[in-house]
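Undergrad: Pasting model_6.txt here (compact mmCIF, C-alpha atoms):
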```
# COMPACT_ATOMS: atom_id res chain seq x y z
CA PHE A 285 12.12 -2.12 -4.46
CA LEU A 286 10.72 -0.80 -7.74
CA GLY A 287 8.68 -3.63 -9.27
CA ALA A 288 10.01 -6.11 -6.70
CA ASN A 289 8.39 -9.51 -6.34
CA LEU A 290 7.75 -9.77 -2.60
CA GLU A 291 4.91 -12.26 -2.88
CA ARG A 292 4.49 -14.18 0.41
CA ALA A 293 7.46 -12.30 1.92
CA SER A 294 7.61 -11.93 5.69
CA LEU A 295 7.94 -8.18 6.21
CA ALA A 296 6.54 -8.18 9.74
CA GLY A 297 7.99 -5.24 11.64
CA ALA A 298 9.99 -4.04 8.61
CA ASN A 299 10.87 -0.37 8.37
CA LEU A 300 9.65 0.55 4.88
CA GLU A 301 9.50 4.27 5.60
CA ARG A 302 9.84 6.22 2.33
CA ALA A 303 10.32 2.96 0.39
CA ASP A 304 9.54 3.12 -3.32
CA LEU A 305 7.36 0.06 -3.84
CA TRP A 306 6.04 1.21 -7.23
CA GLY A 307 4.54 -1.84 -8.95
CA ALA A 308 5.74 -4.21 -6.24
CA ASN A 309 4.01 -7.57 -5.88
CA LEU A 310 3.08 -7.88 -2.20
CA VAL A 311 0.40 -10.54 -2.69
CA ALA A 312 0.05 -12.62 0.49
CA ALA A 313 2.99 -10.81 2.13
CA ASN A 314 2.95 -10.48 5.92
CA LEU A 315 2.99 -6.76 6.74
CA SER A 316 2.22 -7.02 10.43
CA GLU A 317 3.42 -3.85 12.16
CA ALA A 318 5.44 -2.80 9.10
CA ASN A 319 6.21 0.93 8.98
CA LEU A 320 4.83 2.26 5.69
CA LYS A 321 5.14 5.96 6.47
CA ASP A 322 5.55 7.95 3.23
CA ALA A 323 5.99 4.76 1.19
CA VAL A 324 5.04 4.88 -2.49
CA LEU A 325 2.64 2.05 -3.34
CA TRP A 326 1.71 3.24 -6.85
CA LYS A 327 0.40 0.20 -8.80
CA ALA A 328 1.44 -2.14 -5.97
CA LYS A 329 -0.36 -5.47 -5.70
CA LEU A 330 -1.66 -5.69 -2.14
CA VAL A 331 -4.28 -8.40 -2.58
CA SER A 332 -4.50 -11.01 0.20
CA THR A 333 -1.78 -9.33 2.26
CA LEU A 334 -1.61 -10.53 5.84
CA HIS A 335 -2.10 -8.21 8.81
CA LEU A 336 -2.26 -5.03 6.71
CA THR A 337 -4.39 -2.34 8.34
CA VAL A 338 -6.03 0.88 7.23
CA GLU A 339 -3.99 2.60 9.95
CA GLN A 340 -0.77 1.46 8.28
CA LEU A 341 -2.02 2.49 4.85
CA SER A 342 -3.12 5.89 6.10
CA GLN A 343 0.58 6.73 6.52
CA VAL A 344 1.66 6.07 2.92
CA LYS A 345 2.41 8.77 0.37
CA THR A 346 0.27 7.29 -2.42
CA MET A 347 -1.56 4.13 -3.40
CA TYR A 348 -2.67 5.33 -6.81
CA ARG A 349 -3.77 2.40 -8.99
CA ALA A 350 -2.86 -0.15 -6.30
CA GLU A 351 -4.67 -3.49 -6.27
CA LEU A 352 -6.41 -3.99 -2.92
CA ASP A 353 -8.87 -6.29 -1.23
CA GLU A 354 -12.37 -4.79 -1.47
CA GLU A 355 -12.78 -4.19 2.27
CA LEU A 356 -9.52 -2.24 2.54
CA ARG A 357 -10.38 -0.28 -0.61
CA ARG A 358 -13.80 0.62 0.79
CA GLN A 359 -12.32 1.84 4.07
CA LEU A 360 -9.70 3.90 2.24
CA GLU A 361 -12.29 5.41 -0.09
CA ASN A 362 -14.35 6.44 2.93
CA ASN A 363 -11.51 7.86 5.02
CA TYR A 364 -8.39 8.44 2.89
CA LEU A 365 -9.60 8.91 -0.66
CA HIS A 366 -6.67 11.19 -1.51
CA LEU A 367 -4.28 8.22 -1.19
CA LEU A 368 -6.08 6.44 -4.05
CA GLN A 369 -6.13 9.45 -6.35
CA GLU A 370 -3.41 10.44 -8.77
CA PRO A 371 -0.83 12.48 -6.84
CA LYS A 372 -0.45 16.12 -7.76
CA ARG A 373 2.87 16.93 -9.34
```
As a first step, turn the structure in this file into structure tokens.

TA:
Amino acid sequence: FLGANLERASLAGANLERADLWGANLVAANLSEANLKDAVLWKAKLVSTLHLTVEQLSQVKTMYRAELDEELRRQLENNYLHLLQEPKR
């Protein structure tokens, strides 16, 4: 899914475990109950996503340089800052 355009896609309940969503456009996508465990969301566009929770995002591998709604970003900065930082190689 590298750089995939998934804008407005219905991914409700999708198993995206370990998916490489580097640079993916997920603007306004429905991610209700999607499994994002160990997914790579580096530079992903996650603005205005539907039903995306901090709990789901807490399971990802990285969200470095991802575009997020301010409220989600604030919650991640407070509780899961390491997900927003550049991953160690």

Undergrad: Would you list the contacts of Glu361 of chain A as a ChimeraX atom specification, taking every protein, DNA or RNA residue within 12 Å and counting all atoms listed in the file, but skipping same-chain residues closer than 6 positions in sequence?

TA: /A:338,341-342,347-348,352,354-355,367-369

Undergrad: Just to confirm, what's the straight-line distance from atom CA of Asn289 of chain A to atom CA of Asn362 of chain A in Å (one decimal)?

TA: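 Straight-line distance from atom CA of Asn289 of chain A to atom CA of Asn362 of chain A works out to 29.3 Å.
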
Undergrad: Between atom CA of Ala288 of chain A and atom CA of Lys345 of chain A, measure the distance and give it in Å to one decimal.

TA: 18.1 Å

Undergrad: Just to confirm, what's the straight-line distance from atom CA of Leu290 of chain A to atom CA of Val331 of chain A in Å (one decimal)?

TA: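 Going from atom CA of Leu290 of chain A over to atom CA of Val331 of chain A, I get 12.1 Å.
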
Undergrad: Considering all atoms listed in the file, can you say which of A:Lys329, A:Arg302, A:Lys372, A:His335 comes closest to Ser316 of chain A?

TA: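 For Ser316 of chain A, the nearest of the candidates is A:His335.
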
Undergrad: Which polymer residues have any atom within 7 Å of an atom of Val324 of chain A, counting only C-alpha atoms, with same-chain residues fewer than 2 positions away left out, as a PyMOL selection string?

TA: chain A and resi 302-306+322+326+344-347

Undergrad: Could you check the closest approach to Gly307 of chain A for each of A:Arg349, A:Ala328, A:Ala293, A:Lys321 and tell me which residue wins, using all atoms listed in the file?

TA: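 So, comparing all the options, the nearest one is A:Ala328.
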